[in-house]
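> Sharing a structure with you now.
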Amino acid sequence: MINNNLILIILNTLISLIDVLLVLLPVLLSVAFMTIIERKQLAAHQRRVGPNTVGYYGILQPFSDALKLILKETVIPSQSNKILFYLAPVSTLIFSLLGWGIIPFGQGLTLFDFSLGILYTLALSSLGVYGVLFAGWSANSKYAFLGSLRSTAAMISYELILSSAILIVILLAGSFNFTTIIESQEAIWFVVPLLPVFIFYFISILAETSRTPFDLQEAESELVAGFFTEHSSIIFVFFFLAEYSSIVLFSCITAILFFGGYNMPELFVNNTFISLQAVVLGLKTCVFCFMFVWFRATLPRLRYDQLIEFCWLNLLPVAVAFIILVPCILVAFDIAPY
Amino acid sequence: MASVFSSFRYGYRYLQRQAHEQPVIFYSCVLGLIGPAMVMTIPPIRRKYGYVSPERPPTTYPLPNRARVPVSGYDDE
Amino acid sequence: MKNLFIDILAFGALLSSVLVITSKNPVIAVIFLISVFINAAGYLILLGIGFIGISYIILYVGAIAVLFLFVIMLLNIRLSDLLEAGSQYTKNIPLAIAIGLLFIYEIFTIIPFRIHDVSLISSLLNLITNLNELFLTSDISTLNVVYNTINPILADSTFTNFTQIQALGQSLYTFGAFWLIITSVILLLAMVAPIFITHKSNK
């Protein structure tokens with residue numbers, strides 16, 4: 001008794017699944033290659049070669065890393081809370097990968113053209129804090145717990161600055177939708193009027209993903225490995241993937257919010273063979289991934305109390321000043337966007 | 001909240017001291033105070049030089065600019 | 001279908017709230033509190049007000065529950081004391097049942113309740129009818145039941161389509177402006193007070 005109704009439902013579900021796979025598979029590949037890019041680029045900054053044995057110039061290194069980590073022995077502490085021990089890294093990876101659902105690769109080419117896209121991204125970055133918190137607590141070891149508390153406190157502090165910076169971009173664009181924000185950058189990329197905002201936004205992104213100079217939590221000399229000390233093979237892979245996925249995601253969001261997304265002057269849109277707009281977005285994401293690794297190679301790390309003091313005493317007044325200044329400029333010159 | 005050394009509470013010296021010792025808060029306050037100052041001073045200047053703010057797109061039916069005309073013939077009998 | 005999910009989320013919120021109270025470990029209790037918030041946020045999103053739903057997740061789950069978790073994780077709660085105190089609650093069960101029955105009687109005399117309205121149970125009881133509908137009709141509207149009480153698309157009455165945030169802002173900042181300013185002053189006080197209390201002025 002198969003009729004139109006059922007076929008339609010099944011086909012719709014299949015097509016949605018294929019859409020999601022079309023976005024997720026390249027994302028996972030890009031996350032894997034991000035690790036080798038980081039190691040080769042760090043090596044280039046430090047005048048050495050980096051991994052070059054596994055493939056041509058070390059290209060297949062992430063796959064050999066993954067294989068090694070999968071084949072390792074998983075050690076679970078006996079007094080730990082086993083459910084949370086497994087769930088925390090899984091949830092971190094899920095919330096990192098969920099953020100890719102609304103990134104536009106063309107005009108309206110998203111998995112979900114959400115009218116409240118920016119709020120979705122902010123909600124996911126708020127939820128990503130929990131993976132860190134529960135991973136450290138469930139390991140039942142003082143060092144992991146201390147590392148996770150520090151990481152969480154740093155992440156929620158810098159999330160405030162991140163939300164402020166994103167709010168200012170929304171004030172200029174007039175909508176929460178990612179495609180609208182990109183289209184309203186046809187005239188000029190938002191980095192030009194909002195350069196100070198871009199500066200403190202980039203600093204807060206470095207802190208959200210716990211990268212240098214804010215990575216005291218993961219520094220091997222301090223707390224062994226921070227909150228994922230007790231997590232061994234597969235579970236560590238999840239944390240590793242989640243960290244690099246959020247690096248690539250935040251680079252993409254930086255390119256979208258401040259640098260025009262898929263816009264490029266005089267770019268012709270020809271979606272039959274290849275979507276040039278997606279290539280442009282990919283190139284801009286690469287520039288910001290490069291900057292992430294560049295910052296890691298160049299800057300020393302901040303001590304933890306310096307980090308917290310920097311957020312609350314130095315960045316927050318600047319963020320609040322810009323939140324007051326930008327709407328006042330928009331009102332005074334009557335250029336509010338709607 | 002008494003600050004540590006305040007050599008002249010609300011004078012020019014105080015502002016200069018704060019600008020040298022705590023530049024972040026000082027310049028944030030400056031940027032934040034420019035905002036409302038701009039809102040209050042710039043639109044009158046623009047209006048004086050002939051800028052007419054554009055009409056907003058309508059969100060409801062515009063009311064016609066005449067007195068009400070009572071309708072007839074719609075009552076049930 | 002949407003009604004089914006709304007029922008599941010509402011039931012999940014109630015179940016999680018019961019588990020908040022009866023969990024032995026306080027961190028597990030906060031985890032179930034987070035589950036309550038997430039279920040409530042999903043309920044609001046399915047109801048159509050996505051903005052308030054997502055702001056529930058950002059504010060409640062992202063800030064308030066993290067605050068609770070920090071406090072509970074940093075306190076030195078002895079689990080054995082809690083377990084010992086918890087085992088003495090069973091002598092209050094008759095009183096709890098009496099008060100619960102009184103509450104249920106009050107609510108169900110005011111609100112009429114039929115099992116048919118709970119779409120989860122009624123779809124299970126009418127499983128054969130529903131499957132019949134699915135296989136034999138060629139009409140896709142039996143799957144997504146849309147209840148239109150107010151027809152929103154009368155071609156000559158709606159000019160613009162406000163987004164939810166515009167609609168909220170338009171009434172909040174004009175009619176509710178006074179209350180908004182009072183609320184912001186209260187929040188400012190709430191922020192300044194802990195800073196003032198915990199500030200050590202080192203002279």
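Naming scheme: A, B, ... for chains in displayed order of the structure tokens; residues 1 onward per chain; ligands 1 onward as shown.
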Quick one: residues within 8 Å of Cys289 of chain A, only C-alpha atoms counted, chain neighbours fewer than 2 positions away excluded, as a PyMOL selection string?

chain A and resi 247-248+251+285-287+291-293

> Could you please tell me, as a list in words, which residues of chain A have an atom within 6 Å of chain C when using only C-alpha atoms?

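Every residue meeting the condition is included here: Asn5, Ala123, Ser126 and Leu127 of chain A.
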
> Find the spatial neighbours of segment 76-79 of chain A, counting only C-alpha atoms, within a cut-off of 10 Å - ignore same-chain residues fewer than 3 positions away - and output them as a list in words.

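Counting only C-alpha atoms, the residues come to Glu73, Lys82, Phe85, Tyr86, Ser138, Ala139, Asn140, Ser141, Glu230, His231 and Ser232 of chain A.
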
> Keeping only C-alpha atoms, write the selected residues as a compact mmCIF listing (two decimals), in the first residue's frame.


```
# COMPACT_ATOMS: atom_id res chain seq x y z
CA GLU A 73 43.64 1.30 25.87
CA LYS A 82 30.90 6.80 34.36
CA PHE A 85 32.56 10.66 31.96
CA TYR A 86 31.37 9.43 28.59
CA SER A 138 33.28 13.39 36.61
CA ALA A 139 36.92 12.38 36.51
CA ASN A 140 37.02 12.57 40.30
CA SER A 141 40.56 13.90 40.41
CA GLU A 230 41.77 11.38 32.87
CA HIS A 231 40.20 10.87 29.46
CA SER A 232 42.14 8.43 27.37
```

> List as a list in words the protein and nucleic acid residues near Ile121 of chain C, meaning an atom at most 12 Å away when only C-alpha atoms are counted, but skip any in the same chain fewer than 4 places from it.

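My reading of the contact set: Asn3, Leu4, Asp7, Ile8, Phe11, Arg114, Ile115, His116, Asp117, Leu125, Asn126 and Leu127 of chain C.
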
> Based on only C-alpha atoms, which of the residues in chain B come within 8 Å of chain C? I want them as number ranges by chain.

B: 4, 58-61

> Hey, what's within 9 Å of Gly174 of chain A if we count only C-alpha atoms and toss same-chain stuff fewer than 4 positions away? As a PDB file with N, CA and C atoms, in the first residue's frame, please?


```pdb
ATOM      1  N   VAL A 169      27.665  43.998  15.856  1.00  0.00           N
ATOM      2  CA  VAL A 169      27.549  43.701  14.424  1.00  0.00           C
ATOM      3  C   VAL A 169      26.076  43.611  14.018  1.00  0.00           C
ATOM      4  N   ILE A 170      25.254  43.023  14.901  1.00  0.00           N
ATOM      5  CA  ILE A 170      23.835  42.903  14.580  1.00  0.00           C
ATOM      6  C   ILE A 170      23.172  44.267  14.500  1.00  0.00           C
ATOM      7  N   THR A 180      21.396  37.617   5.778  1.00  0.00           N
ATOM      8  CA  THR A 180      21.150  39.062   5.758  1.00  0.00           C
ATOM      9  C   THR A 180      22.395  39.836   6.172  1.00  0.00           C
ATOM     10  N   ILE A 181      23.121  39.313   7.166  1.00  0.00           N
ATOM     11  CA  ILE A 181      24.332  40.009   7.598  1.00  0.00           C
ATOM     12  C   ILE A 181      25.343  40.055   6.471  1.00  0.00           C
ATOM     13  N   SER A 184      24.221  42.507   3.784  1.00  0.00           N
ATOM     14  CA  SER A 184      24.349  43.927   4.122  1.00  0.00           C
ATOM     15  C   SER A 184      25.797  44.355   4.169  1.00  0.00           C
ATOM     16  N   ALA A 336      20.132  54.002  10.933  1.00  0.00           N
ATOM     17  CA  ALA A 336      19.772  52.694  11.475  1.00  0.00           C
ATOM     18  C   ALA A 336      19.195  51.826  10.367  1.00  0.00           C
ATOM     19  N   PRO A 337      19.527  50.535  10.337  1.00  0.00           N
ATOM     20  CA  PRO A 337      19.169  49.709   9.182  1.00  0.00           C
ATOM     21  C   PRO A 337      17.796  49.054   9.291  1.00  0.00           C
ATOM     22  N   TYR A 338      16.753  49.656   8.782  1.00  0.00           N
ATOM     23  CA  TYR A 338      15.508  48.899   8.591  1.00  0.00           C
ATOM     24  C   TYR A 338      14.592  49.626   7.659  1.00  0.00           C
TER      25      TYR A 338
END
```

> At a cut-off of 6 Å, list the chain A residues touching chain B, using only C-alpha atoms, as a VMD selection string.

chain A and resid 317 to 318 321 324 to 325 328 332

> Suppose we keep N, CA, C and O atoms; can you now write the selection as a PDB file, in the first residue's frame?


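Now in again_4.pdb:
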```
ATOM      1  N   PRO A 317      35.083  47.226  30.058  1.00  0.00           N
ATOM      2  CA  PRO A 317      34.746  48.637  29.858  1.00  0.00           C
ATOM      3  C   PRO A 317      34.753  49.053  28.406  1.00  0.00           C
ATOM      4  O   PRO A 317      33.893  49.813  27.957  1.00  0.00           O
ATOM      5  N   VAL A 318      35.716  48.498  27.631  1.00  0.00           N
ATOM      6  CA  VAL A 318      35.779  48.846  26.204  1.00  0.00           C
ATOM      7  C   VAL A 318      34.544  48.321  25.482  1.00  0.00           C
ATOM      8  O   VAL A 318      33.939  49.018  24.665  1.00  0.00           O
ATOM      9  N   ALA A 321      31.622  50.438  26.391  1.00  0.00           N
ATOM     10  CA  ALA A 321      31.712  51.744  25.733  1.00  0.00           C
ATOM     11  C   ALA A 321      31.258  51.646  24.288  1.00  0.00           C
ATOM     12  O   ALA A 321      30.521  52.505  23.799  1.00  0.00           O
ATOM     13  N   ILE A 324      27.520  51.347  23.940  1.00  0.00           N
ATOM     14  CA  ILE A 324      26.826  52.629  24.048  1.00  0.00           C
ATOM     15  C   ILE A 324      27.085  53.476  22.816  1.00  0.00           C
ATOM     16  O   ILE A 324      26.204  54.160  22.300  1.00  0.00           O
ATOM     17  N   LEU A 325      28.315  53.413  22.274  1.00  0.00           N
ATOM     18  CA  LEU A 325      28.686  54.359  21.222  1.00  0.00           C
ATOM     19  C   LEU A 325      28.015  54.036  19.900  1.00  0.00           C
ATOM     20  O   LEU A 325      27.526  54.935  19.216  1.00  0.00           O
ATOM     21  N   CYS A 328      24.382  54.992  19.474  1.00  0.00           N
ATOM     22  CA  CYS A 328      24.264  56.449  19.466  1.00  0.00           C
ATOM     23  C   CYS A 328      24.676  57.032  18.129  1.00  0.00           C
ATOM     24  O   CYS A 328      24.039  57.962  17.618  1.00  0.00           O
ATOM     25  N   ALA A 332      22.224  59.162  15.853  1.00  0.00           N
ATOM     26  CA  ALA A 332      22.543  60.574  15.615  1.00  0.00           C
ATOM     27  C   ALA A 332      22.608  60.875  14.127  1.00  0.00           C
ATOM     28  O   ALA A 332      22.152  61.919  13.681  1.00  0.00           O
TER      29      ALA A 332
END
```

> Have a look at atom CA of Leu330 of chain A and atom CA of Leu315 of chain A and let me know their distance in Å, one decimal.

22.7 Å

> What's the separation between atom CA of Leu83 of chain C and atom CA of Ile64 of chain C, in Å to one decimal place?

26.2 Å

> So what do you get for atom CA of Leu146 of chain A versus atom CA of Leu19 of chain C, distance-wise?

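Interatomic distance, atom CA of Leu146 of chain A to atom CA of Leu19 of chain C: 27.9 Å.
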
> So that I can check the secondary structure, give me every residue of segment 10-190 of chain C assigned helix (DSSP H, G or I) by backbone DSSP, as JSON, numbers by chain.

{"C": [10, 11, 12, 13, 14, 15, 16, 17, 18, 19, 20, 21, 22, 26, 27, 28, 29, 30, 31, 32, 33, 34, 35, 36, 37, 38, 39, 40, 41, 42, 43, 44, 45, 46, 47, 50, 51, 52, 53, 54, 55, 56, 57, 58, 59, 60, 61, 62, 63, 64, 65, 66, 67, 68, 69, 70, 71, 72, 73, 74, 79, 80, 81, 82, 83, 84, 85, 86, 89, 90, 91, 92, 93, 94, 95, 96, 97, 98, 99, 100, 101, 102, 103, 104, 105, 106, 107, 108, 109, 110, 115, 116, 117, 119, 120, 121, 122, 123, 124, 125, 127, 128, 129, 130, 131, 132, 133, 134, 135, 136, 140, 141, 142, 164, 165, 166, 167, 168, 169, 170, 171, 172, 177, 178, 179, 180, 181, 182, 183, 184, 185, 186, 187, 188, 189, 190]}

> Can you list, as a list in words, every protein, DNA or RNA residue that comes within 12 Å of Leu15 of chain C when you count only C-alpha atoms, leaving out same-chain residues fewer than 5 positions away?

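What passes the distance filter is Ile8, Leu9, Ala10, Val20, Ile21, Thr22, Ser23, Phe32, Leu33, Ser35, Val36, Asn39 and Ala40 of chain C.
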
> How would the residues just picked look written out with N, CA and C atoms as a PDB file, in the first residue's frame?


```pdb
ATOM      1  N   ILE C   8       5.651  15.205  24.538  1.00  0.00           N
ATOM      2  CA  ILE C   8       6.853  14.540  25.053  1.00  0.00           C
ATOM      3  C   ILE C   8       7.703  15.519  25.829  1.00  0.00           C
ATOM      4  N   LEU C   9       7.833  16.752  25.300  1.00  0.00           N
ATOM      5  CA  LEU C   9       8.668  17.729  26.001  1.00  0.00           C
ATOM      6  C   LEU C   9       8.054  18.142  27.324  1.00  0.00           C
ATOM      7  N   ALA C  10       6.713  18.292  27.341  1.00  0.00           N
ATOM      8  CA  ALA C  10       6.086  18.671  28.611  1.00  0.00           C
ATOM      9  C   ALA C  10       6.251  17.563  29.643  1.00  0.00           C
ATOM     10  N   VAL C  20      14.770  16.219  39.926  1.00  0.00           N
ATOM     11  CA  VAL C  20      15.597  17.225  40.608  1.00  0.00           C
ATOM     12  C   VAL C  20      15.452  17.066  42.100  1.00  0.00           C
ATOM     13  N   ILE C  21      14.201  16.899  42.546  1.00  0.00           N
ATOM     14  CA  ILE C  21      13.987  16.881  43.985  1.00  0.00           C
ATOM     15  C   ILE C  21      14.457  15.577  44.587  1.00  0.00           C
ATOM     16  N   THR C  22      14.314  14.480  43.849  1.00  0.00           N
ATOM     17  CA  THR C  22      14.587  13.205  44.492  1.00  0.00           C
ATOM     18  C   THR C  22      15.978  12.675  44.234  1.00  0.00           C
ATOM     19  N   SER C  23      16.850  13.416  43.559  1.00  0.00           N
ATOM     20  CA  SER C  23      18.195  12.890  43.340  1.00  0.00           C
ATOM     21  C   SER C  23      19.004  12.996  44.605  1.00  0.00           C
ATOM     22  N   PHE C  32      19.514  17.586  36.210  1.00  0.00           N
ATOM     23  CA  PHE C  32      18.106  17.482  35.858  1.00  0.00           C
ATOM     24  C   PHE C  32      17.435  18.838  35.789  1.00  0.00           C
ATOM     25  N   LEU C  33      17.926  19.814  36.547  1.00  0.00           N
ATOM     26  CA  LEU C  33      17.399  21.176  36.407  1.00  0.00           C
ATOM     27  C   LEU C  33      17.699  21.725  35.019  1.00  0.00           C
ATOM     28  N   SER C  35      18.002  19.891  32.455  1.00  0.00           N
ATOM     29  CA  SER C  35      17.077  19.192  31.562  1.00  0.00           C
ATOM     30  C   SER C  35      15.698  19.831  31.577  1.00  0.00           C
ATOM     31  N   VAL C  36      15.240  20.302  32.743  1.00  0.00           N
ATOM     32  CA  VAL C  36      13.957  21.004  32.809  1.00  0.00           C
ATOM     33  C   VAL C  36      13.996  22.231  31.921  1.00  0.00           C
ATOM     34  N   ASN C  39      13.932  21.279  28.227  1.00  0.00           N
ATOM     35  CA  ASN C  39      12.602  20.857  27.789  1.00  0.00           C
ATOM     36  C   ASN C  39      11.653  22.037  27.668  1.00  0.00           C
ATOM     37  N   ALA C  40      11.718  22.964  28.619  1.00  0.00           N
ATOM     38  CA  ALA C  40      10.856  24.136  28.545  1.00  0.00           C
ATOM     39  C   ALA C  40      11.202  24.984  27.339  1.00  0.00           C
TER      40      ALA C  40
END
```
